[in-house]
Amino acid sequence: LALTDPDWLMRDTFCMWCRDSGLSVTVDRVGNIFARRQGTEDLRPVMVGSHLDTQVAGGRYDGALGVLTGLEIVRWLQDQGAVTRHPVEIVSWSNEEGARFRPPMLGSAVFAGALPLDRALATTDDAGMSFGAELERIGYAGVVPVPGAAPSAYFEFHIEQDDILEQRGADLGVVTSAFPVRGMAIRFEGETAHAGSTPMSRRRDALVGAAEVVAALPTLAERHGDQARASTTRMDVWPGCTGIIPSEVVLTVDFRHPQDDALAEMTGQLDRIIQRACERRGLGATTESVWEFGSGLAFDRELAAVVRRWAQRLGVETIDMASVAGHDAYWLATIAPAQIVFVPCVGGVTHNEHEDIDYARVLRSANVLAAAVLDAAR
Ligand SMILES: [Zn+2]
């Protein structure tokens with residue numbers, strides 16, 4: 001998890017590997033790490049990277065694959081004695097997952113100027129520790145100012161997190177669009193009461209109202225086709241003690257749909273479901289939008305063409321895809337040409353400790369990425 005002791009150790013290890021490969025390492029104010037291989041001209045870098053943090057029960061490849069493939073590509077450039085006009089920079093973004101500190105993609109959002117630094121540093125985890133204090137504690141509150149300077153190109157190599165590539169027998173997905181994503185916090189307010197002496201008819205049980213909304217989401221999603229997603233990822237219950245009816249529940253809800261208007265329709269239906277649950281259970285409720293990304297996002301056509309061209313030369317089959325998951329490249333795409341390269345993960349299993357890759361297939365795509373990075377840096 002971001003900014004924990006294991007993250008600290010992992011960051012130190014990654015920086016050591018980068019320095020051992022002859023790269024200069026810098027860290028910005030929000031803890032994003034940049035490892036640079038110089039070019040021959042004073043040009044903006046070609047960046048390649050992803051994130052090293054993971055989920056509570058996450059796997060080994062979501063994020064780390066992209067950062068370490070970047071390092072391997074730079075080592076390959078070193079071994080070749082390759083000369084590039086642009087510097088090539090490996091980047092590891094802070095707190096992509098949002099598992100400990102919200103919002104997700106925090107480091108790249110600050111870098112791209114979409115999230116103010118002071119707000120990012122003030123974000124707290126469940127124990128009340130702030131992002132800024134934890135960043136200081138592990139020694140990664142760097143000095144490089146944010147927002148950062150836009151790179152000349154940004155590549156992100158990431159597991160697909162679904163099984164479309166596997167099903168279609170392709171080794172590489174060129175991401176051409178993104179699903180709009182909306183994260184919401186829904187707060188239900190009722191009244192505490194004794195779990196024994198208070199009759200059922202007199203209760204204003206916030207947990208029952210919230211549970212009715214949670215249970216309604218799968219049907220809501222199904223009504224909008226098989227690409228719609230509606231999930232509750234978290235439920236905070238207060239006081240959450242034996243013998244007392246909960247008076248306050250906060251649900252974290254995550255909606256995704258490839259079309260903006262369908263996503264808006266889903267959100268409207270959610271409002272009506274909340275309203276009905278509140279009427280039935282005598283509750284109040286408020287909905288707050290906590291993150292939104294992916295809408296109207298376009299990835300760079302030229303970079304996509306470079307990736308496709310090298311894939312063809314190297315005999316790697318590609319398909320164009322939409323990304324359903326959020327990625328740091330979403331924020332980079334708002335300030336620079338950006339391209340996500342998807343590779344298959346076994347059975348589409350992800351955010352799960354059994355996450356796995358077929359090494360030979362991923363290696364073929366990594367070679368395509370290496371060629372594309374070299375192409376863009378020359
Ligand atoms: Zn990821």
# chains A, B, ... in the order shown; residues from 1 in each chain; ligands from 1

call {"tool": "select_by_dssp", "arguments": {"residues": "region 61-302 of chain A", "states": "strand (DSSP E or B)", "output": "ChimeraX atom specification"}}
result
/A:88-93,124,130,144,153-159,172-178,181-189,193-194,229-238,244-245,248-256,284-293

call {"tool": "residues_around", "arguments": {"residues": "Glu292 (chain A)", "least_positions_apart": "5", "cutoff": "7 Å", "atoms": "only C-alpha atoms", "output": "PDB file with N, CA, C and O atoms, in the first residue's frame"}}
result
ATOM      1  N   VAL A 181     -15.619   7.179 -15.592  1.00  0.00           N
ATOM      2  CA  VAL A 181     -15.737   6.582 -14.255  1.00  0.00           C
ATOM      3  C   VAL A 181     -16.214   7.654 -13.283  1.00  0.00           C
ATOM      4  O   VAL A 181     -15.759   8.796 -13.350  1.00  0.00           O
ATOM      5  N   ARG A 182     -17.132   7.269 -12.399  1.00  0.00           N
ATOM      6  CA  ARG A 182     -17.617   8.202 -11.391  1.00  0.00           C
ATOM      7  C   ARG A 182     -17.559   7.519 -10.035  1.00  0.00           C
ATOM      8  O   ARG A 182     -18.147   6.447  -9.860  1.00  0.00           O
ATOM      9  N   GLY A 183     -16.838   8.116  -9.095  1.00  0.00           N
ATOM     10  CA  GLY A 183     -16.797   7.596  -7.720  1.00  0.00           C
ATOM     11  C   GLY A 183     -17.627   8.490  -6.820  1.00  0.00           C
ATOM     12  O   GLY A 183     -17.513   9.712  -6.881  1.00  0.00           O
TER      13      GLY A 183
END

call {"tool": "closest_atom_pairs", "arguments": {"of": "chain A", "to": "ligand 1", "cutoff": "8 Å", "atoms": "only C-alpha atoms and all ligand atoms", "output": "JSON lines"}}
result
{"residue": "A:Ser50", "atom": "CA", "partner": "ligand 1", "partner_atom_place_in_ligand_line": "1 (Zn)", "distance": 7.1}
{"residue": "A:His51", "atom": "CA", "partner": "ligand 1", "partner_atom_place_in_ligand_line": "1 (Zn)", "distance": 6.5}
{"residue": "A:Thr54", "atom": "CA", "partner": "ligand 1", "partner_atom_place_in_ligand_line": "1 (Zn)", "distance": 7.6}
{"residue": "A:Asp62", "atom": "CA", "partner": "ligand 1", "partner_atom_place_in_ligand_line": "1 (Zn)", "distance": 4.5}
{"residue": "A:Gly63", "atom": "CA", "partner": "ligand 1", "partner_atom_place_in_ligand_line": "1 (Zn)", "distance": 4.2}
{"residue": "A:Ala64", "atom": "CA", "partner": "ligand 1", "partner_atom_place_in_ligand_line": "1 (Zn)", "distance": 8.0}
{"residue": "A:Glu96", "atom": "CA", "partner": "ligand 1", "partner_atom_place_in_ligand_line": "1 (Zn)", "distance": 6.8}
{"residue": "A:Glu97", "atom": "CA", "partner": "ligand 1", "partner_atom_place_in_ligand_line": "1 (Zn)", "distance": 6.7}
{"residue": "A:His158", "atom": "CA", "partner": "ligand 1", "partner_atom_place_in_ligand_line": "1 (Zn)", "distance": 6.7}
{"residue": "A:Ile159", "atom": "CA", "partner": "ligand 1", "partner_atom_place_in_ligand_line": "1 (Zn)", "distance": 7.8}
{"residue": "A:Ala325", "atom": "CA", "partner": "ligand 1", "partner_atom_place_in_ligand_line": "1 (Zn)", "distance": 7.9}
{"residue": "A:Gly326", "atom": "CA", "partner": "ligand 1", "partner_atom_place_in_ligand_line": "1 (Zn)", "distance": 7.5}
{"residue": "A:His327", "atom": "CA", "partner": "ligand 1", "partner_atom_place_in_ligand_line": "1 (Zn)", "distance": 6.0}
{"residue": "A:Asp328", "atom": "CA", "partner": "ligand 1", "partner_atom_place_in_ligand_line": "1 (Zn)", "distance": 7.9}

call {"tool": "atom_distance", "arguments": {"atom1": "CA of Glu355 (chain A)", "atom2": "CA of Glu166 (chain A)"}}
result
14.0 Å

call {"tool": "residues_around", "arguments": {"residues": "Phe299 (chain A)", "least_positions_apart": "2", "cutoff": "9 Å", "atoms": "only C-alpha atoms", "output": "ChimeraX atom specification"}}
result
/A:175-178,297,301,303-304,329-330,333,337-340

call {"tool": "decode", "arguments": {"residues": "region 168-181 of chain A", "atoms": "all heavy atoms", "output": "PDB file, in the first residue's frame"}}
result
ATOM      1  N   ARG A 168      -9.026 -13.425 -27.659  1.00  0.00           N
ATOM      2  CA  ARG A 168      -8.842 -13.151 -29.088  1.00  0.00           C
ATOM      3  C   ARG A 168      -7.464 -13.555 -29.586  1.00  0.00           C
ATOM      4  O   ARG A 168      -7.141 -13.370 -30.757  1.00  0.00           O
ATOM      5  CB  ARG A 168      -9.074 -11.650 -29.363  1.00  0.00           C
ATOM      6  CG  ARG A 168     -10.442 -11.209 -28.828  1.00  0.00           C
ATOM      7  CD  ARG A 168     -11.364 -10.535 -29.806  1.00  0.00           C
ATOM      8  NE  ARG A 168     -10.795  -9.772 -30.872  1.00  0.00           N
ATOM      9  CZ  ARG A 168     -11.064  -8.498 -31.117  1.00  0.00           C
ATOM     10  NH1 ARG A 168     -11.853  -7.828 -30.302  1.00  0.00           N
ATOM     11  NH2 ARG A 168     -10.545  -7.905 -32.152  1.00  0.00           N
ATOM     12  N   GLY A 169      -6.626 -14.087 -28.710  1.00  0.00           N
ATOM     13  CA  GLY A 169      -5.310 -14.581 -29.115  1.00  0.00           C
ATOM     14  C   GLY A 169      -4.348 -13.488 -29.545  1.00  0.00           C
ATOM     15  O   GLY A 169      -3.438 -13.723 -30.325  1.00  0.00           O
ATOM     16  N   ALA A 170      -4.559 -12.246 -29.049  1.00  0.00           N
ATOM     17  CA  ALA A 170      -3.646 -11.143 -29.368  1.00  0.00           C
ATOM     18  C   ALA A 170      -2.752 -10.880 -28.154  1.00  0.00           C
ATOM     19  O   ALA A 170      -3.165 -11.090 -27.021  1.00  0.00           O
ATOM     20  CB  ALA A 170      -4.437  -9.894 -29.724  1.00  0.00           C
ATOM     21  N   ASP A 171      -1.507 -10.435 -28.423  1.00  0.00           N
ATOM     22  CA  ASP A 171      -0.563 -10.202 -27.323  1.00  0.00           C
ATOM     23  C   ASP A 171      -0.529  -8.756 -26.873  1.00  0.00           C
ATOM     24  O   ASP A 171       0.068  -8.441 -25.839  1.00  0.00           O
ATOM     25  CB  ASP A 171       0.855 -10.624 -27.741  1.00  0.00           C
ATOM     26  CG  ASP A 171       0.977 -12.138 -27.827  1.00  0.00           C
ATOM     27  OD1 ASP A 171       0.157 -12.820 -27.190  1.00  0.00           O
ATOM     28  OD2 ASP A 171       1.875 -12.620 -28.542  1.00  0.00           O
ATOM     29  N   LEU A 172      -1.117  -7.862 -27.659  1.00  0.00           N
ATOM     30  CA  LEU A 172      -0.973  -6.439 -27.345  1.00  0.00           C
ATOM     31  C   LEU A 172      -2.271  -5.680 -27.629  1.00  0.00           C
ATOM     32  O   LEU A 172      -2.845  -5.796 -28.716  1.00  0.00           O
ATOM     33  CB  LEU A 172       0.189  -5.872 -28.179  1.00  0.00           C
ATOM     34  CG  LEU A 172       0.747  -4.502 -27.816  1.00  0.00           C
ATOM     35  CD1 LEU A 172       2.190  -4.378 -28.281  1.00  0.00           C
ATOM     36  CD2 LEU A 172      -0.073  -3.365 -28.384  1.00  0.00           C
ATOM     37  N   GLY A 173      -2.708  -4.909 -26.649  1.00  0.00           N
ATOM     38  CA  GLY A 173      -3.884  -4.057 -26.816  1.00  0.00           C
ATOM     39  C   GLY A 173      -3.458  -2.603 -26.920  1.00  0.00           C
ATOM     40  O   GLY A 173      -2.723  -2.113 -26.065  1.00  0.00           O
ATOM     41  N   VAL A 174      -3.859  -1.943 -28.006  1.00  0.00           N
ATOM     42  CA  VAL A 174      -3.602  -0.511 -28.150  1.00  0.00           C
ATOM     43  C   VAL A 174      -4.829   0.208 -27.587  1.00  0.00           C
ATOM     44  O   VAL A 174      -5.929   0.073 -28.128  1.00  0.00           O
ATOM     45  CB  VAL A 174      -3.387  -0.130 -29.630  1.00  0.00           C
ATOM     46  CG1 VAL A 174      -3.180   1.375 -29.773  1.00  0.00           C
ATOM     47  CG2 VAL A 174      -2.194  -0.899 -30.206  1.00  0.00           C
ATOM     48  N   VAL A 175      -4.645   0.925 -26.481  1.00  0.00           N
ATOM     49  CA  VAL A 175      -5.793   1.575 -25.840  1.00  0.00           C
ATOM     50  C   VAL A 175      -6.114   2.869 -26.577  1.00  0.00           C
ATOM     51  O   VAL A 175      -5.274   3.757 -26.695  1.00  0.00           O
ATOM     52  CB  VAL A 175      -5.529   1.841 -24.347  1.00  0.00           C
ATOM     53  CG1 VAL A 175      -6.682   2.619 -23.713  1.00  0.00           C
ATOM     54  CG2 VAL A 175      -5.323   0.513 -23.612  1.00  0.00           C
ATOM     55  N   THR A 176      -7.338   2.936 -27.102  1.00  0.00           N
ATOM     56  CA  THR A 176      -7.739   4.102 -27.894  1.00  0.00           C
ATOM     57  C   THR A 176      -8.806   4.945 -27.206  1.00  0.00           C
ATOM     58  O   THR A 176      -9.075   6.063 -27.617  1.00  0.00           O
ATOM     59  CB  THR A 176      -8.256   3.653 -29.277  1.00  0.00           C
ATOM     60  OG1 THR A 176      -9.242   2.639 -29.078  1.00  0.00           O
ATOM     61  CG2 THR A 176      -7.132   3.093 -30.134  1.00  0.00           C
ATOM     62  N   SER A 177      -9.430   4.398 -26.160  1.00  0.00           N
ATOM     63  CA  SER A 177     -10.439   5.184 -25.431  1.00  0.00           C
ATOM     64  C   SER A 177     -10.566   4.670 -24.005  1.00  0.00           C
ATOM     65  O   SER A 177      -9.995   3.628 -23.663  1.00  0.00           O
ATOM     66  CB  SER A 177     -11.795   5.101 -26.143  1.00  0.00           C
ATOM     67  OG  SER A 177     -12.268   3.774 -26.109  1.00  0.00           O
ATOM     68  N   ALA A 178     -11.308   5.421 -23.194  1.00  0.00           N
ATOM     69  CA  ALA A 178     -11.453   5.078 -21.781  1.00  0.00           C
ATOM     70  C   ALA A 178     -12.922   5.123 -21.377  1.00  0.00           C
ATOM     71  O   ALA A 178     -13.696   5.924 -21.911  1.00  0.00           O
ATOM     72  CB  ALA A 178     -10.670   6.056 -20.923  1.00  0.00           C
ATOM     73  N   PHE A 179     -13.291   4.273 -20.454  1.00  0.00           N
ATOM     74  CA  PHE A 179     -14.639   4.329 -19.871  1.00  0.00           C
ATOM     75  C   PHE A 179     -14.700   5.522 -18.915  1.00  0.00           C
ATOM     76  O   PHE A 179     -13.846   5.647 -18.043  1.00  0.00           O
ATOM     77  CB  PHE A 179     -14.913   3.073 -19.035  1.00  0.00           C
ATOM     78  CG  PHE A 179     -15.478   1.907 -19.790  1.00  0.00           C
ATOM     79  CD1 PHE A 179     -14.931   1.497 -20.990  1.00  0.00           C
ATOM     80  CD2 PHE A 179     -16.564   1.201 -19.284  1.00  0.00           C
ATOM     81  CE1 PHE A 179     -15.447   0.403 -21.672  1.00  0.00           C
ATOM     82  CE2 PHE A 179     -17.086   0.107 -19.949  1.00  0.00           C
ATOM     83  CZ  PHE A 179     -16.536  -0.298 -21.144  1.00  0.00           C
ATOM     84  N   PRO A 180     -15.706   6.396 -19.042  1.00  0.00           N
ATOM     85  CA  PRO A 180     -15.923   7.382 -17.989  1.00  0.00           C
ATOM     86  C   PRO A 180     -16.222   6.677 -16.658  1.00  0.00           C
ATOM     87  O   PRO A 180     -16.960   5.694 -16.630  1.00  0.00           O
ATOM     88  CB  PRO A 180     -17.146   8.161 -18.480  1.00  0.00           C
ATOM     89  CG  PRO A 180     -17.153   7.963 -19.957  1.00  0.00           C
ATOM     90  CD  PRO A 180     -16.631   6.577 -20.171  1.00  0.00           C
ATOM     91  N   VAL A 181     -15.619   7.179 -15.592  1.00  0.00           N
ATOM     92  CA  VAL A 181     -15.737   6.582 -14.255  1.00  0.00           C
ATOM     93  C   VAL A 181     -16.214   7.654 -13.283  1.00  0.00           C
ATOM     94  O   VAL A 181     -15.759   8.796 -13.350  1.00  0.00           O
ATOM     95  CB  VAL A 181     -14.367   6.047 -13.772  1.00  0.00           C
ATOM     96  CG1 VAL A 181     -14.487   5.443 -12.369  1.00  0.00           C
ATOM     97  CG2 VAL A 181     -13.789   5.032 -14.739  1.00  0.00           C
TER      98      VAL A 181
END
